[in-house]
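Q: Sharing entry_10.pdb below, PDB, C-alpha atoms:
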ATOM      1  CA  MET S   1      -1.610  43.909  -1.997  1.00  0.00           C
ATOM      2  CA  PHE S   2       0.091  41.433   0.351  1.00  0.00           C
ATOM      3  CA  ILE S   3      -3.104  41.092   2.416  1.00  0.00           C
ATOM      4  CA  ARG S   4      -5.117  40.409  -0.753  1.00  0.00           C
ATOM      5  CA  ILE S   5      -2.707  37.620  -1.712  1.00  0.00           C
ATOM      6  CA  LEU S   6      -2.973  36.072   1.763  1.00  0.00           C
ATOM      7  CA  TRP S   7      -6.774  36.341   1.613  1.00  0.00           C
ATOM      8  CA  PHE S   8      -6.800  34.679  -1.826  1.00  0.00           C
ATOM      9  CA  ILE S   9      -4.571  31.834  -0.607  1.00  0.00           C
ATOM     10  CA  HIS S  10      -6.789  31.413   2.457  1.00  0.00           C
ATOM     11  CA  GLN S  11      -9.910  31.210   0.277  1.00  0.00           C
ATOM     12  CA  CYS S  12      -8.283  28.655  -2.031  1.00  0.00           C
ATOM     13  CA  ILE S  13      -7.242  26.455   0.886  1.00  0.00           C
ATOM     14  CA  ALA S  14     -10.697  26.709   2.486  1.00  0.00           C
ATOM     15  CA  THR S  15     -12.362  25.803  -0.822  1.00  0.00           C
ATOM     16  CA  LEU S  16     -10.079  22.795  -1.345  1.00  0.00           C
ATOM     17  CA  MET S  17     -10.758  21.599   2.205  1.00  0.00           C
ATOM     18  CA  LEU S  18     -14.527  21.820   1.657  1.00  0.00           C
ATOM     19  CA  ILE S  19     -14.270  19.993  -1.655  1.00  0.00           C
ATOM     20  CA  GLY S  20     -12.087  17.330  -0.033  1.00  0.00           C
ATOM     21  CA  MET S  21     -14.457  16.831   2.913  1.00  0.00           C
ATOM     22  CA  HIS S  22     -17.429  16.664   0.546  1.00  0.00           C
ATOM     23  CA  PHE S  23     -15.655  14.138  -1.702  1.00  0.00           C
ATOM     24  CA  PHE S  24     -14.752  11.802   1.163  1.00  0.00           C
ATOM     25  CA  HIS S  25     -18.214  12.155   2.666  1.00  0.00           C
ATOM     26  CA  ILE S  26     -19.803  11.174  -0.650  1.00  0.00           C
ATOM     27  CA  GLN S  27     -17.409   8.250  -1.069  1.00  0.00           C
ATOM     28  CA  ALA S  28     -18.380   6.820   2.310  1.00  0.00           C
ATOM     29  CA  GLN S  29     -22.061   6.939   1.347  1.00  0.00           C
ATOM     30  CA  THR S  30     -21.808   5.435  -2.126  1.00  0.00           C
ATOM     31  CA  LEU S  31     -20.597   1.917  -1.407  1.00  0.00           C
ATOM     32  CA  PRO S  32     -22.338  -0.607  -3.632  1.00  0.00           C
ATOM     33  CA  SER S  33     -25.051  -2.694  -2.030  1.00  0.00           C
ATOM     34  CA  GLY S  34     -23.579  -5.536   0.026  1.00  0.00           C
ATOM     35  CA  PHE S  35     -20.191  -3.842   0.536  1.00  0.00           C
ATOM     36  CA  THR S  36     -18.864  -2.744   3.927  1.00  0.00           C
ATOM     37  CA  ILE S  37     -15.677  -1.137   5.200  1.00  0.00           C
ATOM     38  CA  GLU S  38     -13.688  -3.216   7.690  1.00  0.00           C
ATOM     39  CA  LYS S  39     -10.348  -2.212   9.216  1.00  0.00           C
ATOM     40  CA  ILE S  40      -8.057  -5.246   9.289  1.00  0.00           C
ATOM     41  CA  ALA S  41      -4.798  -3.704  10.537  1.00  0.00           C
ATOM     42  CA  ASP S  42      -3.292  -0.614  12.163  1.00  0.00           C
ATOM     43  CA  ASN S  43       0.090   1.110  12.047  1.00  0.00           C
ATOM     44  CA  LEU S  44       1.047   0.003   8.545  1.00  0.00           C
ATOM     45  CA  ASN S  45       2.654   1.812   5.637  1.00  0.00           C
ATOM     46  CA  PRO S  46       1.025  -0.171   2.795  1.00  0.00           C
ATOM     47  CA  VAL S  47       1.616   0.493  -0.886  1.00  0.00           C
ATOM     48  CA  GLY S  48       0.016  -2.598  -2.393  1.00  0.00           C
ATOM     49  CA  MET S  49      -1.624  -5.919  -1.808  1.00  0.00           C
ATOM     50  CA  THR S  50      -2.776  -9.088  -3.480  1.00  0.00           C
ATOM     51  CA  ILE S  51      -5.000 -11.983  -2.509  1.00  0.00           C
ATOM     52  CA  ASP S  52      -3.843 -15.571  -3.000  1.00  0.00           C
ATOM     53  CA  PRO S  53      -6.066 -18.529  -3.997  1.00  0.00           C
ATOM     54  CA  PHE S  54      -6.396 -19.478  -0.300  1.00  0.00           C
ATOM     55  CA  GLY S  55      -7.960 -16.112   0.593  1.00  0.00           C
ATOM     56  CA  ARG S  56      -4.907 -14.705   2.383  1.00  0.00           C
ATOM     57  CA  ILE S  57      -4.170 -11.020   1.867  1.00  0.00           C
ATOM     58  CA  TRP S  58      -0.518 -10.195   1.160  1.00  0.00           C
ATOM     59  CA  ILE S  59       0.247  -6.603   2.209  1.00  0.00           C
ATOM     60  CA  VAL S  60       3.312  -4.796   0.813  1.00  0.00           C
ATOM     61  CA  GLU S  61       4.838  -2.056   2.981  1.00  0.00           C
ATOM     62  CA  LYS S  62       6.994   0.736   1.574  1.00  0.00           C
ATOM     63  CA  GLN S  63       9.907   0.034   3.937  1.00  0.00           C
ATOM     64  CA  GLY S  64      10.346  -3.523   2.600  1.00  0.00           C
ATOM     65  CA  ARG S  65       8.052  -5.822   4.576  1.00  0.00           C
ATOM     66  CA  VAL S  66       5.484  -8.231   3.173  1.00  0.00           C
ATOM     67  CA  LEU S  67       2.820  -9.176   5.698  1.00  0.00           C
ATOM     68  CA  ILE S  68       0.136 -11.851   5.430  1.00  0.00           C
ATOM     69  CA  TRP S  69      -3.366 -11.441   6.833  1.00  0.00           C
ATOM     70  CA  GLN S  70      -5.045 -14.793   7.294  1.00  0.00           C
ATOM     71  CA  ASN S  71      -8.202 -15.987   9.032  1.00  0.00           C
ATOM     72  CA  GLY S  72      -8.980 -12.599  10.548  1.00  0.00           C
ATOM     73  CA  THR S  73      -5.512 -11.809  11.901  1.00  0.00           C
ATOM     74  CA  MET S  74      -2.051 -10.693  10.796  1.00  0.00           C
ATOM     75  CA  LEU S  75       0.556 -13.446  11.002  1.00  0.00           C
ATOM     76  CA  ASP S  76       3.133 -12.884  13.760  1.00  0.00           C
ATOM     77  CA  HIS S  77       6.131 -12.613  11.429  1.00  0.00           C
ATOM     78  CA  PRO S  78       6.519 -10.929   8.032  1.00  0.00           C
ATOM     79  CA  PHE S  79       6.745 -13.218   5.018  1.00  0.00           C
ATOM     80  CA  ILE S  80       9.912 -11.347   4.021  1.00  0.00           C
ATOM     81  CA  GLU S  81      11.786  -8.168   4.933  1.00  0.00           C
ATOM     82  CA  LEU S  82      13.874  -6.653   2.151  1.00  0.00           C
ATOM     83  CA  SER S  83      16.487  -3.932   2.401  1.00  0.00           C
ATOM     84  CA  VAL S  84      15.099  -1.198   0.132  1.00  0.00           C
ATOM     85  CA  ASP S  85      15.651   2.460  -0.703  1.00  0.00           C
ATOM     86  CA  ASP S  86      12.416   3.953   0.664  1.00  0.00           C
ATOM     87  CA  PHE S  87      13.206   7.652   0.166  1.00  0.00           C
ATOM     88  CA  ASN S  88      10.208   9.664  -1.140  1.00  0.00           C
ATOM     89  CA  GLU S  89       8.345   7.585  -3.744  1.00  0.00           C
ATOM     90  CA  ARG S  90      10.761   4.663  -3.541  1.00  0.00           C
ATOM     91  CA  GLY S  91      10.604   1.436  -1.560  1.00  0.00           C
ATOM     92  CA  LEU S  92       8.997  -1.943  -1.968  1.00  0.00           C
ATOM     93  CA  ILE S  93       6.634  -1.028  -4.773  1.00  0.00           C
ATOM     94  CA  GLY S  94       4.707  -4.098  -5.793  1.00  0.00           C
ATOM     95  CA  ILE S  95       3.869  -7.769  -5.472  1.00  0.00           C
ATOM     96  CA  ALA S  96       2.503 -10.398  -7.844  1.00  0.00           C
ATOM     97  CA  LEU S  97       1.788 -14.072  -7.383  1.00  0.00           C
ATOM     98  CA  HIS S  98       2.576 -16.510 -10.192  1.00  0.00           C
ATOM     99  CA  THR S  99      -0.478 -17.738 -12.108  1.00  0.00           C
ATOM    100  CA  ASP S 100       0.392 -21.261 -10.882  1.00  0.00           C
ATOM    101  CA  TYR S 101       1.132 -20.069  -7.324  1.00  0.00           C
ATOM    102  CA  VAL S 102      -0.742 -23.001  -5.767  1.00  0.00           C
ATOM    103  CA  ASN S 103       1.777 -25.446  -7.266  1.00  0.00           C
ATOM    104  CA  ASN S 104       5.040 -23.455  -7.384  1.00  0.00           C
ATOM    105  CA  GLY S 105       4.703 -20.838  -4.590  1.00  0.00           C
ATOM    106  CA  TYR S 106       6.394 -18.119  -6.674  1.00  0.00           C
ATOM    107  CA  VAL S 107       6.063 -14.567  -5.353  1.00  0.00           C
ATOM    108  CA  TYR S 108       7.448 -11.652  -7.395  1.00  0.00           C
ATOM    109  CA  LEU S 109       8.537  -8.439  -5.657  1.00  0.00           C
ATOM    110  CA  TYR S 110       9.402  -5.092  -7.254  1.00  0.00           C
ATOM    111  CA  PHE S 111      11.555  -2.628  -5.254  1.00  0.00           C
ATOM    112  CA  ASN S 112      14.156   0.123  -5.316  1.00  0.00           C
ATOM    113  CA  VAL S 113      17.649  -1.154  -4.572  1.00  0.00           C
ATOM    114  CA  PRO S 114      19.418   0.681  -1.707  1.00  0.00           C
ATOM    115  CA  ASN S 115      22.299   2.996  -2.686  1.00  0.00           C
ATOM    116  CA  ASN S 116      21.601   2.543  -6.398  1.00  0.00           C
ATOM    117  CA  ALA S 117      19.563   4.366  -8.979  1.00  0.00           C
ATOM    118  CA  PHE S 118      17.594   1.380 -10.230  1.00  0.00           C
ATOM    119  CA  THR S 119      14.802  -1.015  -9.390  1.00  0.00           C
ATOM    120  CA  ARG S 120      14.804  -4.783  -9.199  1.00  0.00           C
ATOM    121  CA  VAL S 121      12.285  -7.589  -9.615  1.00  0.00           C
ATOM    122  CA  ILE S 122      12.993 -10.744  -7.648  1.00  0.00           C
ATOM    123  CA  ARG S 123      11.234 -14.084  -7.333  1.00  0.00           C
ATOM    124  CA  VAL S 124      11.018 -15.829  -3.992  1.00  0.00           C
ATOM    125  CA  THR S 125       9.334 -19.125  -3.225  1.00  0.00           C
ATOM    126  CA  SER S 126       6.659 -19.383  -0.569  1.00  0.00           C
ATOM    127  CA  ILE S 127       6.507 -22.575   1.457  1.00  0.00           C
ATOM    128  CA  GLY S 128       3.457 -22.346   3.684  1.00  0.00           C
ATOM    129  CA  ASP S 129       3.573 -18.927   5.348  1.00  0.00           C
ATOM    130  CA  THR S 130       7.323 -18.446   4.919  1.00  0.00           C
TER     131      THR S 130
END
Can the structure from this file be put into C-alpha cells for me?

A:
Amino acid sequence: MFIRILWFIHQCIATLMLIGMHFFHIQAQTLPSGFTIEKIADNLNPVGMTIDPFGRIWIVEKQGRVLIWQNGTMLDHPFIELSVDDFNERGLIGIALHTDYVNNGYVYLYFNVPNNAFTRVIRVTSIGDT
C-alpha cells in the first residue's frame, strides 16, 4: 500500500512537471508578431513595475527598494528604500504614478509596515531621479 502511494505521488509530480515544461515551452513560442524577450536586469526580487511618461521603468522590489531603469541601464542608486515587513507575501507591494506625474512628481507606494499587522500607502515626490 505504501509503495502504491509513493508511486502515485511520483506519477503526479512527473505529470505536473511535464505539463509545466510544455506550458512554458508554448509560452515562449507564442509571442505576438513584433514582440521579443529582453533581460534588462539580474539579481532582483521584483513584485511590480510601472513606466513613466519619459519611458523609464520603475521596478518595485519586495524588500522595499524602488529602482529605475533608464536608457538601457539601471540607475546607480535606488529611488527609495523603505523599511518594510517582507515576511512571506508581505513587503513593498505596489507602485503608482499620479496621472499628472509630469507636473507634480507624485509617486504612491503600497507596503506592509514592519512590526505591525497593517499596510500603508504613502506619497513621495520625485525630483529628477531622486

Q: Can you give me, as a list in words, the residues this file yields under the PyMOL selection byres ((chain S and resi 44) around 12)?

A: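 Taken on the displayed file, the PyMOL selection byres ((chain S and resi 44) around 12) yields the residues Lys39, Ile40, Ala41, Asp42, Asn43, Asn45, Pro46, Val47, Gly48, Ile59, Val60, Glu61, Lys62, Gln63, Gly64, Arg65, Val66, Leu67 and Met74 of chain S.
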
Q: Might I get the box with edges along x, y and z of the file that holds all atoms of range 57-66 of chain S listed there, padded by 8 Å on every side, given as centre and edge lengths in Å to one decimal, as lines of an AutoDock Vina configuration file?

A:
center_x = 3.1
center_y = -5.1
center_z = 2.7
size_x = 30.5
size_y = 27.8
size_z = 19.8

Q: Apply the PyMOL selection byres ((chain S and resi 97) around 7) to the displayed file and report the matching residues as a list of chain:residue names.

A: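 Evaluating the PyMOL selection byres ((chain S and resi 97) around 7) on these coordinates yields S:Ile95, S:Ala96, S:His98, S:Thr99, S:Tyr101, S:Tyr106, S:Val107, S:Tyr108.
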
Q: For Thr119 in chain S, which of S:Arg90, S:Gly55, S:Asn104, S:Thr36 is the closest residue, counting only C-alpha atoms?

A: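 Counting only C-alpha atoms, the residue closest to Thr119 in chain S is S:Arg90.
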
Q: Nearest to Val84 in chain S among S:Gln70, S:Ala117, S:Ile57, S:Val102, with distances taken over only C-alpha atoms: which residue is it?

A: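 Nearest to Val84 in chain S: S:Ala117.
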
Q: Could you check which of S:Asp52, S:Asp85, S:Asp100, S:Glu38 is closest to Arg120 in chain S, using only C-alpha atoms?

A: S:Asp85

Q: Could you jot down the CA of Glu89 in chain S to CA of Phe111 in chain S separation for me, Å, one decimal place?

A: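 Taking CA of Glu89 in chain S and CA of Phe111 in chain S, their separation equals 10.8 Å.
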
Q: In Å, how far is it from CA of Asn71 in chain S to CA of Gly34 in chain S?

A: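 If I compute the distance from CA of Asn71 in chain S to CA of Gly34 in chain S, I get 20.7 Å.
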
Q: For the atom pair CA of Val124 in chain S and CA of Gly72 in chain S, what is the interatomic distance in Å to one decimal place?

A: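 These two atoms are separated by 24.9 Å.
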
Q: To verify the selection step, state as a PyMOL selection string which residues the PyMOL selection byres ((chain S and resi 122) around 6) yields on this input.

A: chain S and resi 108-109+121+123
